[in-house]
>>> print(open('protein20.cif').read())   # mmCIF, C-alpha atoms
data_start
#
loop_
_atom_site.label_atom_id
_atom_site.label_comp_id
_atom_site.auth_asym_id
_atom_site.auth_seq_id
_atom_site.Cartn_x
_atom_site.Cartn_y
_atom_site.Cartn_z
CA MET J 14 0.00 0.00 0.00
CA ARG J 15 1.43 3.39 -1.03
CA THR J 16 1.98 6.05 1.60
CA LEU J 17 -0.01 9.23 0.99
CA LEU J 18 1.31 12.62 1.99
CA VAL J 19 -0.85 15.75 2.20
CA PHE J 20 0.46 19.27 1.58
CA THR J 21 -1.31 22.54 0.94
CA LEU J 22 -0.21 25.19 -1.55
CA LEU J 23 0.53 28.46 0.19
CA SER J 24 -1.49 30.27 -2.48
CA SER J 25 -4.45 27.91 -2.33
CA THR J 26 -6.90 26.57 0.21
CA SER J 27 -7.16 23.21 -1.54
CA ALA J 28 -5.01 20.24 -0.60
CA LEU J 29 -3.45 17.77 -3.01
CA TYR J 30 -2.67 14.19 -2.02
CA LEU J 31 0.86 13.22 -2.95
CA SER J 32 2.36 9.76 -2.97
CA ALA J 33 5.94 8.83 -2.21
CA GLU J 34 6.14 8.01 -5.91
CA ASP J 35 5.25 11.62 -6.77
CA GLU J 36 8.14 12.87 -4.67
CA HIS J 37 10.49 10.30 -6.21
CA HIS J 38 9.56 11.50 -9.72
CA PHE J 39 10.01 15.11 -8.63
CA LYS J 40 13.47 14.53 -7.15
CA SER J 41 14.57 12.68 -10.31
CA TRP J 42 13.23 15.56 -12.41
CA MET J 43 15.09 18.09 -10.21
CA VAL J 44 18.38 16.28 -10.86
CA GLN J 45 17.68 16.08 -14.60
CA HIS J 46 16.99 19.82 -14.87
CA ASN J 47 19.48 21.04 -12.22
CA LYS J 48 16.75 22.51 -10.02
CA GLU J 49 17.25 23.66 -6.45
CA TYR J 50 14.70 25.15 -4.03
CA SER J 51 14.61 26.63 -0.58
CA PRO J 52 12.89 24.45 2.06
CA GLU J 53 9.93 26.86 1.95
CA GLU J 54 9.53 26.54 -1.82
CA TYR J 55 10.19 22.82 -2.20
CA TYR J 56 6.72 21.49 -1.41
CA ASP J 57 4.94 24.23 -3.35
CA ARG J 58 6.94 23.21 -6.43
CA LEU J 59 6.33 19.52 -5.69
CA LEU J 60 2.57 20.16 -5.64
CA ILE J 61 2.68 22.02 -8.93
CA PHE J 62 4.87 19.31 -10.48
CA ALA J 63 2.52 16.55 -9.34
CA GLU J 64 -0.51 18.38 -10.75
CA ASN J 65 1.28 18.91 -14.08
CA LYS J 66 2.27 15.24 -14.20
CA ARG J 67 -1.35 14.19 -13.59
CA THR J 68 -2.46 16.48 -16.42
CA ILE J 69 0.16 15.00 -18.75
CA ASP J 70 -0.70 11.40 -17.83
CA HIS J 71 -4.43 12.06 -18.26
CA HIS J 72 -3.87 13.65 -21.68
CA ASN J 73 -1.60 10.85 -22.89
CA ALA J 74 -4.16 8.23 -21.82
CA GLY J 75 -6.75 9.82 -24.12
CA ASN J 76 -7.18 9.95 -27.90
CA HIS J 77 -5.26 13.02 -29.05
CA SER J 78 -3.22 13.99 -32.10
CA PHE J 79 -0.24 14.98 -29.93
CA SER J 80 1.37 13.79 -26.70
CA MET J 81 2.75 15.63 -23.70
CA LYS J 82 5.82 15.08 -21.51
CA LEU J 83 7.54 16.53 -18.47
CA ASN J 84 10.03 19.26 -19.36
CA GLN J 85 11.94 22.20 -17.86
CA PHE J 86 8.65 24.03 -17.17
CA SER J 87 7.00 21.28 -15.13
CA ASP J 88 7.41 23.03 -11.78
CA MET J 89 5.49 26.08 -12.99
CA THR J 90 1.79 26.91 -13.15
CA PHE J 91 0.64 28.13 -16.53
CA SER J 92 0.09 31.60 -15.05
CA GLU J 93 3.75 31.70 -14.02
CA PHE J 94 4.82 30.35 -17.39
CA LYS J 95 2.86 33.06 -19.23
CA ARG J 96 4.36 35.84 -17.13
CA THR J 97 7.88 34.53 -17.72
CA PHE J 98 8.01 33.33 -21.32
CA LEU J 99 5.10 34.83 -23.26
CA TRP J 100 4.07 38.36 -24.16
CA SER J 101 2.54 40.31 -21.33
CA GLU J 102 0.45 42.52 -23.65
CA PRO J 103 -1.42 41.99 -26.95
CA GLN J 104 0.58 42.97 -30.04
CA ASN J 105 -0.75 44.98 -32.98
CA CYS J 106 -0.78 42.72 -36.03
CA SER J 107 -2.49 45.31 -38.24
CA ALA J 108 0.71 45.81 -40.23
CA THR J 109 0.35 42.34 -41.73
CA LYS J 110 -2.23 43.29 -44.37
CA GLY J 111 -1.33 43.00 -48.04
CA ASN J 112 1.22 41.16 -50.18
CA ASN J 113 -0.81 38.18 -51.35
CA PHE J 114 1.17 35.24 -52.64
CA HIS J 115 0.35 33.38 -55.84
CA SER J 116 1.96 30.29 -57.29
CA SER J 117 2.01 29.38 -60.97
CA GLY J 118 2.57 25.69 -60.27
CA LEU J 119 1.71 22.95 -57.83
CA LEU J 120 3.36 23.03 -54.45
CA PRO J 121 5.11 19.93 -53.08
CA ASP J 122 3.08 17.85 -50.63
CA SER J 123 5.81 18.38 -48.03
CA PHE J 124 8.79 20.68 -47.69
CA ASP J 125 11.50 21.19 -45.06
CA TRP J 126 14.20 23.87 -45.31
CA ARG J 127 16.39 21.86 -42.92
CA LYS J 128 16.75 19.24 -45.66
CA GLN J 129 17.56 21.69 -48.48
CA GLY J 130 21.01 22.68 -47.24
CA ASN J 131 22.67 24.57 -44.40
CA TYR J 132 19.89 27.12 -44.11
CA VAL J 133 18.55 26.84 -40.52
CA THR J 134 20.53 27.58 -37.35
CA PRO J 135 20.29 25.27 -34.32
CA VAL J 136 17.43 25.78 -31.86
CA LYS J 137 18.18 28.52 -29.32
CA ASN J 138 16.81 29.22 -25.83
CA GLN J 139 15.23 32.56 -24.92
CA GLY J 140 15.46 31.86 -21.18
CA GLY J 141 13.24 33.76 -18.76
CA CYS J 142 12.54 36.65 -21.12
CA GLY J 143 9.51 37.20 -23.37
CA SER J 144 11.81 37.69 -26.35
CA CYS J 145 10.45 34.95 -28.60
CA TRP J 146 9.73 37.64 -31.23
CA ALA J 147 13.47 38.38 -31.42
CA PHE J 148 14.32 34.69 -31.89
CA SER J 149 11.68 34.32 -34.59
CA THR J 150 13.15 37.38 -36.29
CA THR J 151 16.77 36.21 -36.20
CA GLY J 152 15.81 32.67 -37.19
CA CYS J 153 14.02 33.95 -40.27
CA LEU J 154 16.70 36.47 -41.26
CA GLU J 155 19.45 33.89 -40.70
CA SER J 156 17.70 31.52 -43.12
CA VAL J 157 16.81 34.15 -45.73
CA THR J 158 20.40 35.42 -45.71
CA ALA J 159 21.81 31.89 -45.99
CA ILE J 160 19.49 31.03 -48.89
CA ASN J 161 20.61 34.17 -50.73
CA THR J 162 24.32 34.19 -49.86
CA GLY J 163 25.22 30.63 -48.90
CA LYS J 164 26.43 31.82 -45.48
CA LEU J 165 24.55 30.82 -42.31
CA VAL J 166 25.49 33.20 -39.49
CA PRO J 167 23.73 33.19 -36.07
CA LEU J 168 22.38 36.70 -35.46
CA SER J 169 21.86 38.81 -32.34
CA GLU J 170 18.57 38.60 -30.50
CA GLN J 171 20.04 40.84 -27.81
CA GLN J 172 20.38 43.75 -30.20
CA LEU J 173 16.66 43.54 -30.92
CA VAL J 174 15.78 43.26 -27.22
CA ASP J 175 17.95 46.29 -26.38
CA CYS J 176 17.46 48.52 -29.41
CA ALA J 177 14.16 47.97 -31.27
CA GLN J 178 11.72 49.76 -28.91
CA ASP J 179 11.05 52.66 -31.31
CA PHE J 180 9.43 50.13 -33.66
CA ASN J 181 6.75 49.11 -31.13
CA ASN J 182 8.73 46.26 -29.64
CA HIS J 183 9.05 45.84 -25.89
CA GLY J 184 12.20 43.89 -25.07
CA CYS J 185 11.34 41.02 -22.72
CA ASN J 186 7.64 41.98 -22.82
CA GLY J 187 6.93 41.12 -26.44
CA GLY J 188 7.13 42.40 -29.98
CA LEU J 189 6.54 41.29 -33.55
CA PRO J 190 9.00 39.98 -36.16
CA SER J 191 7.48 42.29 -38.82
CA GLN J 192 8.31 45.28 -36.63
CA ALA J 193 11.77 43.91 -35.84
CA PHE J 194 12.47 43.49 -39.58
CA GLU J 195 11.52 47.15 -40.02
CA TYR J 196 13.93 48.13 -37.25
CA ILE J 197 16.76 46.22 -38.96
CA MET J 198 15.91 47.81 -42.32
CA TYR J 199 15.84 51.40 -41.05
CA ASN J 200 18.80 51.01 -38.69
CA LYS J 201 20.92 49.45 -41.41
CA GLY J 202 21.78 46.07 -40.02
CA LEU J 203 21.85 43.44 -37.30
CA MET J 204 25.00 42.25 -35.58
CA SER J 205 25.99 38.62 -35.15
CA GLU J 206 25.23 36.66 -32.01
CA LYS J 207 28.98 36.39 -31.44
CA ASP J 208 29.51 40.18 -31.47
CA TYR J 209 26.32 41.00 -29.50
CA PRO J 210 25.62 37.93 -27.32
CA TYR J 211 22.33 37.12 -25.64
CA THR J 212 21.83 37.81 -21.92
CA SER J 213 18.03 37.20 -21.51
CA PHE J 214 17.72 40.67 -19.93
CA GLU J 215 16.91 44.00 -21.50
CA GLY J 216 19.94 46.30 -21.43
CA THR J 217 21.43 49.41 -22.99
CA CYS J 218 21.63 49.43 -26.78
CA VAL J 219 25.23 49.03 -27.95
CA TYR J 220 24.65 48.42 -31.67
CA LYS J 221 27.71 49.06 -33.83
CA PRO J 222 26.77 49.50 -37.52
CA VAL J 223 30.31 48.69 -38.61
CA LEU J 224 29.81 45.17 -37.20
CA ALA J 225 26.46 44.53 -38.91
CA ALA J 226 26.31 40.93 -40.17
CA ALA J 227 22.90 40.95 -41.91
CA PHE J 228 20.65 43.49 -43.59
CA VAL J 229 17.00 43.87 -44.64
CA LYS J 230 15.96 45.59 -47.88
CA ASN J 231 12.21 45.03 -47.58
CA VAL J 232 9.65 43.56 -45.20
CA VAL J 233 7.03 41.23 -46.66
CA ASN J 234 3.85 40.75 -44.64
CA VAL J 235 1.65 37.82 -45.66
CA THR J 236 -1.99 38.86 -45.94
CA ALA J 237 -3.63 38.45 -42.55
CA ASN J 238 -5.19 34.97 -42.10
CA ASP J 239 -4.00 33.80 -45.55
CA GLU J 240 -2.52 30.48 -44.50
CA LYS J 241 -2.20 29.35 -48.11
CA GLY J 242 -0.04 32.41 -48.69
CA MET J 243 2.20 31.27 -45.85
CA GLU J 244 2.48 27.84 -47.45
CA ILE J 245 3.44 29.30 -50.82
CA ALA J 246 6.02 31.56 -49.20
CA VAL J 247 7.63 28.67 -47.28
CA ALA J 248 7.70 26.36 -50.31
CA THR J 249 8.93 28.90 -52.85
CA ARG J 250 10.85 31.53 -50.88
CA ASN J 251 12.10 30.85 -47.36
CA PRO J 252 11.04 30.12 -43.76
CA VAL J 253 8.35 32.46 -42.41
CA SER J 254 7.95 34.08 -38.99
CA PHE J 255 4.53 33.86 -37.40
CA ALA J 256 2.79 34.38 -34.07
CA PHE J 257 0.07 32.31 -32.38
CA GLU J 258 -1.68 31.90 -29.03
CA VAL J 259 -0.08 29.53 -26.54
CA THR J 260 -2.53 28.03 -24.04
CA SER J 261 -1.88 25.64 -21.16
CA ASP J 262 -2.15 22.46 -23.26
CA PHE J 263 0.91 23.53 -25.30
CA MET J 264 3.32 24.05 -22.40
CA HIS J 265 4.14 20.32 -22.13
CA TYR J 266 3.93 19.42 -25.83
CA SER J 267 6.07 16.39 -26.70
CA GLN J 268 5.35 15.21 -30.26
CA GLY J 269 2.58 14.76 -32.82
CA VAL J 270 0.38 17.37 -34.48
CA TYR J 271 -0.69 20.01 -32.00
CA THR J 272 -4.31 21.10 -32.16
CA SER J 273 -6.33 22.93 -29.53
CA THR J 274 -9.90 23.75 -28.58
CA GLN J 275 -8.71 26.24 -25.95
CA CYS J 276 -6.99 28.83 -28.13
CA HIS J 277 -8.45 31.64 -30.25
CA LYS J 278 -7.90 32.51 -33.91
CA THR J 279 -7.82 36.29 -33.58
CA ALA J 280 -4.75 38.50 -33.83
CA ASP J 281 -5.37 40.16 -30.47
CA LYS J 282 -4.77 36.87 -28.63
CA VAL J 283 -1.40 35.84 -30.10
CA ASN J 284 1.33 35.74 -27.46
CA HIS J 285 4.28 33.82 -28.90
CA ALA J 286 6.37 34.12 -32.10
CA VAL J 287 8.08 31.21 -33.84
CA LEU J 288 9.43 30.17 -37.26
CA ALA J 289 7.80 27.92 -39.87
CA VAL J 290 10.61 26.04 -41.62
CA GLY J 291 8.40 23.64 -43.57
CA TYR J 292 5.23 21.60 -43.66
CA GLY J 293 4.04 18.03 -44.07
CA GLN J 294 1.27 15.56 -43.30
CA MET J 295 0.85 12.85 -40.67
CA LYS J 296 -1.92 10.24 -40.86
CA GLY J 297 -3.99 12.56 -43.01
CA SER J 298 -3.39 15.60 -40.77
CA PRO J 299 -1.53 18.47 -42.48
CA TYR J 300 0.91 20.31 -40.23
CA TRP J 301 3.54 23.03 -40.06
CA ILE J 302 7.12 22.24 -39.00
CA VAL J 303 7.95 24.96 -36.49
CA LYS J 304 11.18 26.04 -34.81
CA ASN J 305 10.67 27.21 -31.23
CA SER J 306 13.03 29.09 -28.87
CA TRP J 307 12.74 27.05 -25.65
CA GLY J 308 15.87 24.94 -26.15
CA GLU J 309 16.44 21.54 -27.76
CA GLY J 310 15.09 19.69 -24.71
CA TRP J 311 11.56 20.92 -25.35
CA GLY J 312 9.19 19.25 -27.86
CA ILE J 313 10.77 17.47 -30.84
CA GLU J 314 14.37 18.57 -30.21
CA GLY J 315 13.11 22.15 -29.96
CA TYR J 316 10.55 21.90 -32.78
CA PHE J 317 6.83 21.20 -32.90
CA PHE J 318 4.15 20.34 -35.44
CA ILE J 319 0.92 22.34 -35.46
CA GLU J 320 -2.20 21.70 -37.54
CA ARG J 321 -2.10 23.40 -40.94
CA GLY J 322 -5.04 24.79 -42.89
CA LYS J 323 -7.34 25.89 -40.04
CA ASN J 324 -5.54 29.01 -38.77
CA MET J 325 -4.90 27.06 -35.58
CA CYS J 326 -4.50 29.43 -32.62
CA GLY J 327 -4.33 32.42 -35.00
CA LEU J 328 -1.05 31.33 -36.60
CA ALA J 329 -1.89 33.06 -39.90
CA ALA J 330 -2.79 36.38 -38.28
CA CYS J 331 0.60 38.08 -38.59
CA ALA J 332 3.15 36.18 -40.67
CA SER J 333 6.12 37.92 -42.25
CA PHE J 334 9.64 37.58 -43.64
CA PRO J 335 12.41 39.90 -44.85
CA GLU J 336 13.98 40.39 -48.26
CA VAL J 337 17.75 40.87 -48.26
#
>>> encode(input="protein20.cif", output="structure tokens")
Amino acid sequence: MRTLLVFTLLSSTSALYLSAEDEHHFKSWMVQHNKEYSPEEYYDRLLIFAENKRTIDHHNAGNHSFSMKLNQFSDMTFSEFKRTFLWSEPQNCSATKGNNFHSSGLLPDSFDWRKQGNYVTPVKNQGGCGSCWAFSTTGCLESVTAINTGKLVPLSEQQLVDCAQDFNNHGCNGGLPSQAFEYIMYNKGLMSEKDYPYTSFEGTCVYKPVLAAAFVKNVVNVTANDEKGMEIAVATRNPVSFAFEVTSDFMHYSQGVYTSTQCHKTADKVNHAVLAVGYGQMKGSPYWIVKNSWGEGWGIEGYFFIERGKNMCGLAACASFPEV
């Protein structure tokens, strides 16, 4: 018979029954992710972890198109996760109107820029800063530059976090790739990651134009909610930056095609920016191949698949890419 332990969250009046097995899983997870807590915090985090694990196990026992797993965020409530990693305020996607895409021929059934050559940098990690928009921006510009020049150079997210506020971006509190591309265009360049390394904190702008490693000549905004336009752009041009709404069922994504009944499809709800590097189909379900910025330990080695063709979670609301 398993021993049951009862603890109460400091922020809640409800108690959660924990088994010795729960604590064993938690301690193993702490070692795996190099986590340490004060004695006061330990049991609060254990309670949250146990509740997240129950949610994951319940989801994986059901009939879903994607699975979940424990990850580096498993000691956090979704409210904490949102405050730390997602945008704190809605972004204005109104700039993404216009520039329809048309294709004169059939598109391939699947496409992946990672398989076309050395055109996509490794997955990065934004850390505890809502700077996903900067990582989506650099990821896209890195790929577009590599496709056009043959040189794949990791670019500076920190420059965008520190310097792009005049273009309606907000450092660790959100922004949009389309606006970041405009910043790079008007400020004549973006430095490399090596010359302007990432800190995960907003600091003083120290951009040096003489060290610019990439440039933007024009910003292309895919017509709002035109997901077919996104597909044409990815298949015929380059990877495309886009934003969507992350809800609690995405936090522990593991693999499969993500689809949600919790999220919205409107531009005012998007809270996370990522990079579409391709698309495909799994068991009849079309999906996007998406590069995230939460490290290689999250999802499918840092990537995820999300349902394609239904504007899932508003992913077609504000898509863009630069011309170099």
>>> closest_atom_pairs(input="protein20.cif", of="stretch 168-213 of chain J", to="stretch 234-245 of chain J", cutoff="12 Å", atoms="all atoms listed in the file", output="CSV")
residue,atom,partner,partner_atom,distance
J:Leu189,CA,J:Asn234,CA,11.4
J:Pro190,CA,J:Asn234,CA,10.0
J:Ser191,CA,J:Asn234,CA,7.0
J:Gln192,CA,J:Asn234,CA,10.2
J:Phe194,CA,J:Asn234,CA,10.4
J:Glu195,CA,J:Asn234,CA,11.0
>>> residues_around(input="protein20.cif", residues="J:Lys221", least_positions_apart="3", cutoff="10 Å", atoms="only C-alpha atoms", output="list in words")
Gln172, Gly202, Leu203, Met204, Asp208, Tyr209, Cys218, Leu224 and Ala225 of chain J
>>> resolve_selection(input="protein20.cif", expression="the PyMOL selection byres ((chain J and resi 212-217) around 6)", output="MDAnalysis selection string")
chainID J and resid 140 142 174:175 184 211 218
>>> closest_residue(input="protein20.cif", among="J:Glu93, J:Glu258, J:Asp179, J:Asp122", to="J:Trp301", atoms="all atoms listed in the file")
J:Asp122
>>> closest_residue(input="protein20.cif", among="J:Gly308, J:Gly187, J:Gly315, J:Gly269", to="J:Gln139", atoms="only C-alpha atoms")
J:Gly308
>>> residues_around(input="protein20.cif", residues="J:Phe94", least_positions_apart="2", cutoff="12 Å", atoms="all atoms listed in the file", output="NGL selection string")
:J and (85-92 or 96-101 or 140-143 or 259-261 or 263-265 or 284 or 307)
>>> write_last_selection(input="protein20.cif", atoms="C-alpha atoms", output="mmCIF file, keeping the file's coordinate frame")
data_model
loop_
_atom_site.group_PDB
_atom_site.id
_atom_site.type_symbol
_atom_site.label_atom_id
_atom_site.label_comp_id
_atom_site.auth_asym_id
_atom_site.auth_seq_id
_atom_site.Cartn_x
_atom_site.Cartn_y
_atom_site.Cartn_z
ATOM 1 C CA GLN J 85 11.940 22.200 -17.860
ATOM 2 C CA PHE J 86 8.650 24.030 -17.170
ATOM 3 C CA SER J 87 7.000 21.280 -15.130
ATOM 4 C CA ASP J 88 7.410 23.030 -11.780
ATOM 5 C CA MET J 89 5.490 26.080 -12.990
ATOM 6 C CA THR J 90 1.790 26.910 -13.150
ATOM 7 C CA PHE J 91 0.640 28.130 -16.530
ATOM 8 C CA SER J 92 0.090 31.600 -15.050
ATOM 9 C CA ARG J 96 4.360 35.840 -17.130
ATOM 10 C CA THR J 97 7.880 34.530 -17.720
ATOM 11 C CA PHE J 98 8.010 33.330 -21.320
ATOM 12 C CA LEU J 99 5.100 34.830 -23.260
ATOM 13 C CA TRP J 100 4.070 38.360 -24.160
ATOM 14 C CA SER J 101 2.540 40.310 -21.330
ATOM 15 C CA GLY J 140 15.460 31.860 -21.180
ATOM 16 C CA GLY J 141 13.240 33.760 -18.760
ATOM 17 C CA CYS J 142 12.540 36.650 -21.120
ATOM 18 C CA GLY J 143 9.510 37.200 -23.370
ATOM 19 C CA VAL J 259 -0.080 29.530 -26.540
ATOM 20 C CA THR J 260 -2.530 28.030 -24.040
ATOM 21 C CA SER J 261 -1.880 25.640 -21.160
ATOM 22 C CA PHE J 263 0.910 23.530 -25.300
ATOM 23 C CA MET J 264 3.320 24.050 -22.400
ATOM 24 C CA HIS J 265 4.140 20.320 -22.130
ATOM 25 C CA ASN J 284 1.330 35.740 -27.460
ATOM 26 C CA TRP J 307 12.740 27.050 -25.650
#
>>> residues_around(input="protein20.cif", residues="J:Tyr271", least_positions_apart="4", cutoff="9 Å", atoms="all atoms listed in the file", output="list of chain:residue names")
J:His77, J:Ser78, J:Phe79, J:Ser80, J:Phe263, J:Tyr266, J:Tyr300, J:Phe317, J:Phe318, J:Ile319, J:Glu320, J:Met325
>>> residues_around(input="protein20.cif", residues="J:Asn231", least_positions_apart="6", cutoff="10 Å", atoms="all atoms listed in the file", output="PyMOL selection string")
chain J and resi 194-195+197-199+334-337
>>> closest_residue(input="protein20.cif", among="J:Tyr316, J:Tyr132, J:Trp311, J:Phe124", to="J:Val166", atoms="all atoms listed in the file")
J:Tyr132
>>> closest_residue(input="protein20.cif", among="J:Lys82, J:Lys66, J:His285, J:Lys164", to="J:Val133", atoms="all atoms listed in the file")
J:Lys164
>>> build_atoms(input="protein20.cif", residues="stretch 133-142 of chain J", atoms="all heavy atoms", output="PDB file, in the frame of the given file")
ATOM      1  N   VAL J 133      19.271  26.599 -41.785  1.00  0.00           N
ATOM      2  CA  VAL J 133      18.550  26.840 -40.520  1.00  0.00           C
ATOM      3  C   VAL J 133      19.528  26.660 -39.365  1.00  0.00           C
ATOM      4  O   VAL J 133      20.181  25.614 -39.248  1.00  0.00           O
ATOM      5  CB  VAL J 133      17.360  25.872 -40.361  1.00  0.00           C
ATOM      6  CG1 VAL J 133      16.615  26.149 -39.064  1.00  0.00           C
ATOM      7  CG2 VAL J 133      16.410  25.981 -41.554  1.00  0.00           C
ATOM      8  N   THR J 134      19.627  27.676 -38.506  1.00  0.00           N
ATOM      9  CA  THR J 134      20.530  27.580 -37.350  1.00  0.00           C
ATOM     10  C   THR J 134      19.949  26.629 -36.303  1.00  0.00           C
ATOM     11  O   THR J 134      18.750  26.349 -36.291  1.00  0.00           O
ATOM     12  CB  THR J 134      20.741  28.961 -36.705  1.00  0.00           C
ATOM     13  OG1 THR J 134      19.465  29.520 -36.368  1.00  0.00           O
ATOM     14  CG2 THR J 134      21.502  29.894 -37.633  1.00  0.00           C
ATOM     15  N   PRO J 135      20.790  26.123 -35.397  1.00  0.00           N
ATOM     16  CA  PRO J 135      20.290  25.270 -34.320  1.00  0.00           C
ATOM     17  C   PRO J 135      19.261  25.996 -33.456  1.00  0.00           C
ATOM     18  O   PRO J 135      19.232  27.232 -33.395  1.00  0.00           O
ATOM     19  CB  PRO J 135      21.547  24.935 -33.521  1.00  0.00           C
ATOM     20  CG  PRO J 135      22.666  25.089 -34.489  1.00  0.00           C
ATOM     21  CD  PRO J 135      22.270  26.229 -35.381  1.00  0.00           C
ATOM     22  N   VAL J 136      18.428  25.218 -32.772  1.00  0.00           N
ATOM     23  CA  VAL J 136      17.430  25.780 -31.860  1.00  0.00           C
ATOM     24  C   VAL J 136      18.133  26.518 -30.733  1.00  0.00           C
ATOM     25  O   VAL J 136      19.125  26.041 -30.180  1.00  0.00           O
ATOM     26  CB  VAL J 136      16.540  24.652 -31.284  1.00  0.00           C
ATOM     27  CG1 VAL J 136      15.652  25.181 -30.157  1.00  0.00           C
ATOM     28  CG2 VAL J 136      15.691  24.034 -32.391  1.00  0.00           C
ATOM     29  N   LYS J 137      17.623  27.697 -30.395  1.00  0.00           N
ATOM     30  CA  LYS J 137      18.180  28.520 -29.320  1.00  0.00           C
ATOM     31  C   LYS J 137      17.214  28.506 -28.129  1.00  0.00           C
ATOM     32  O   LYS J 137      16.143  27.924 -28.188  1.00  0.00           O
ATOM     33  CB  LYS J 137      18.415  29.948 -29.812  1.00  0.00           C
ATOM     34  CG  LYS J 137      19.335  30.044 -31.032  1.00  0.00           C
ATOM     35  CD  LYS J 137      19.526  31.480 -31.477  1.00  0.00           C
ATOM     36  CE  LYS J 137      20.325  31.586 -32.760  1.00  0.00           C
ATOM     37  NZ  LYS J 137      20.548  33.006 -33.172  1.00  0.00           N
ATOM     38  N   ASN J 138      17.624  29.197 -27.049  1.00  0.00           N
ATOM     39  CA  ASN J 138      16.810  29.220 -25.830  1.00  0.00           C
ATOM     40  C   ASN J 138      16.680  30.656 -25.343  1.00  0.00           C
ATOM     41  O   ASN J 138      17.676  31.280 -24.978  1.00  0.00           O
ATOM     42  CB  ASN J 138      17.437  28.337 -24.754  1.00  0.00           C
ATOM     43  CG  ASN J 138      16.485  28.042 -23.613  1.00  0.00           C
ATOM     44  OD1 ASN J 138      15.566  28.812 -23.333  1.00  0.00           O
ATOM     45  ND2 ASN J 138      16.692  26.923 -22.942  1.00  0.00           N
ATOM     46  N   GLN J 139      15.457  31.172 -25.321  1.00  0.00           N
ATOM     47  CA  GLN J 139      15.230  32.560 -24.920  1.00  0.00           C
ATOM     48  C   GLN J 139      15.360  32.777 -23.428  1.00  0.00           C
ATOM     49  O   GLN J 139      15.463  33.928 -22.977  1.00  0.00           O
ATOM     50  CB  GLN J 139      13.834  33.003 -25.372  1.00  0.00           C
ATOM     51  CG  GLN J 139      12.691  32.316 -24.636  1.00  0.00           C
ATOM     52  CD  GLN J 139      11.337  32.646 -25.210  1.00  0.00           C
ATOM     53  OE1 GLN J 139      10.988  32.216 -26.301  1.00  0.00           O
ATOM     54  NE2 GLN J 139      10.554  33.444 -24.466  1.00  0.00           N
ATOM     55  N   GLY J 140      15.370  31.704 -22.627  1.00  0.00           N
ATOM     56  CA  GLY J 140      15.460  31.860 -21.180  1.00  0.00           C
ATOM     57  C   GLY J 140      14.234  32.568 -20.622  1.00  0.00           C
ATOM     58  O   GLY J 140      13.178  32.609 -21.247  1.00  0.00           O
ATOM     59  N   GLY J 141      14.383  33.143 -19.432  1.00  0.00           N
ATOM     60  CA  GLY J 141      13.240  33.760 -18.760  1.00  0.00           C
ATOM     61  C   GLY J 141      12.964  35.171 -19.220  1.00  0.00           C
ATOM     62  O   GLY J 141      12.896  36.109 -18.411  1.00  0.00           O
ATOM     63  N   CYS J 142      12.776  35.345 -20.497  1.00  0.00           N
ATOM     64  CA  CYS J 142      12.540  36.650 -21.120  1.00  0.00           C
ATOM     65  C   CYS J 142      11.533  36.458 -22.238  1.00  0.00           C
ATOM     66  O   CYS J 142      11.660  35.519 -23.027  1.00  0.00           O
ATOM     67  CB  CYS J 142      13.863  37.202 -21.662  1.00  0.00           C
ATOM     68  SG  CYS J 142      13.766  38.693 -22.693  1.00  0.00           S
TER      69      CYS J 142
END
